[in-house]
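**Student:** The structure's right below; bear with me while I get my questions together.
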Amino acid sequence: MTAPAWQADPYTDALRTGRGPLFLRRPDGWLLPLEVERWCADPDDADLTVLERCRGAVLDIGCGPGRLVAALAALGRPTLGIDVSPEAVARTLRIGGSALHRSVFDPLPREGSWGTALLIDGNIGIGGDPKALLSRVADLVADDGALLAETAPLDVDERVQVRVYDGSAQGSAFPWARVGTTALLDYAASAGWAADEAELWTVAGRTFVALRRARRPRLIPQRGSVSDAVL
């Protein structure tokens, strides 16, 4: 039997050793390389541009081996990583970060009050439904909260079934998405984010988007309404 997604031996072994090769594999055989060595190293110059934009308490969704969580913790920033891989969570804890073995769609601490949420290293693909993911993240952050997301460096909007694969062994199939900046902004506009106010930047071939929660209209109760009577 194959192991559950992101708990297969290829992924666990790669995190334990800190090196690949490791891929996401589509049914047609196409391979997306996963940058395990970079994930297990210290934050690089592109990562630092993300860290410097973090405000308030930070939730790193799909934190992987925890380099961003640990770096923020070292700066004194309240930070929590979540990941569905037990080995990723264990490694994050070992290097000084805080992490929970959770899906973003599970109940989480501090829902509705996070200052910044992170979807880095392709994690906009989680669940294979970018709009549903962005809507969920909008519920997790505070009204003035932000999302920092890394997008595919191509103009792509793809939903596929993939498997974690190391060239010989592979895990079970699970849904994933690849989303470029244009597609991300389209999804964000209908998922509670102010897409027209997005900040875009590129470093070392990696592309990023910073989004703020869309302003919610303030409802003013009509005179004589139930709300007015309560007030």
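Each chain of the structure tokens is named A, B, ... in the order shown, its residues numbered from 1; ligands are numbered from 1 in display order.
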Using only C-alpha atoms, determine which residues lie at most 6 Å from range 83-100 of chain A, disregarding the query and same-chain residues fewer than 3 positions distant; provide the list as JSON, numbers by chain.
**Tutor:** {"A": [6, 7, 12, 62, 63, 64, 65, 66, 69, 70, 80, 103]}
**Student:** Check range 91-223 of chain A with DSSP on the backbone and list each residue it calls strand (DSSP E or B), as a PyMOL selection string.
**Tutor:** chain A and resi 99-101+114-119+141-152+157-165+170+174-180+193+199-203+206-213
**Student:** Residues near Ala177 in chain A, anyone? I mean within 8 Å using only C-alpha atoms, not counting same-chain ones fewer than 4 positions away, as an MDAnalysis selection string.
**Tutor:** chainID A and resid 124:130 157:160
**Student:** Quote the spacing between CA of Ala173 in chain A and CA of Tyr11 in chain A in Å to one decimal place.
**Tutor:**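 So the answer is 13.4 Å.
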**Student:** Considering only C-alpha atoms, state which residue in the set A:Asp42, A:Asp121, A:Glu37, A:Asp139 is at the smallest distance from Arg16 in chain A.
**Tutor:** A:Glu37
**Student:** Just want the 12 Å neighbourhood of Thr202 in chain A, counted on only C-alpha atoms, with same-chain residues fewer than 3 positions away dropped. Output as a list of chain:residue names.
**Tutor:**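 What passes the distance filter is A:Asp45, A:Ala46, A:Asp47, A:Thr49, A:Val50, A:Ala149, A:Glu150, A:Thr151, A:Ala152, A:Pro153, A:Thr181, A:Glu199, A:Gly205, A:Arg206, A:Thr207, A:Phe208, A:Val209, A:Ala210.
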**Student:** I'd like the interatomic distance between CA of Val156 in chain A and CA of Ser135 in chain A, to a tenth of an Å.
**Tutor:** 20.1 Å
**Student:** Near Val58 in chain A, within 10 Å and counting only C-alpha atoms, which residues show up once chain neighbours fewer than 4 positions away are dropped, as a ChimeraX atom specification?
**Tutor:** /A:51,54,69,72-73,77-81,113-118,141,145-147
**Student:** Rank nothing, just name the residue among A:Leu119, A:Ala183, A:Val137, A:Ala132 nearest to Leu154 in chain A, using only C-alpha atoms.
**Tutor:**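 Selected residue with least distance to Leu154 in chain A: A:Ala183.
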**Student:** DSSP on the backbone, helix (DSSP H, G or I) only: what residues of range 49-94 of chain A does that give? Format it as a ChimeraX atom specification.
**Tutor:** /A:49-51,67-74,86-94
**Student:** If you measure from CA of Leu24 in chain A to CA of Gly171 in chain A, what distance in Å do you get, rounded to one decimal?
**Tutor:** 9.8 Å
**Student:** Name the closest residue to Glu111 in chain A among the candidates A:Leu134, A:Ala41, A:Leu32, A:Leu59; distances are taken between atoms, counting only C-alpha atoms.
**Tutor:**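 Comparing A:Leu134, A:Ala41, A:Leu32, A:Leu59 against Glu111 in chain A, the winner is A:Leu59.
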**Student:** Restricting the calculation to only C-alpha atoms: of A:Leu31, A:Asp9, A:Ala138, A:Ile61, which residue gets closest to Gly112 in chain A?
**Tutor:**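 Of A:Leu31, A:Asp9, A:Ala138, A:Ile61, the one nearest Gly112 in chain A is A:Ala138, counting only C-alpha atoms.
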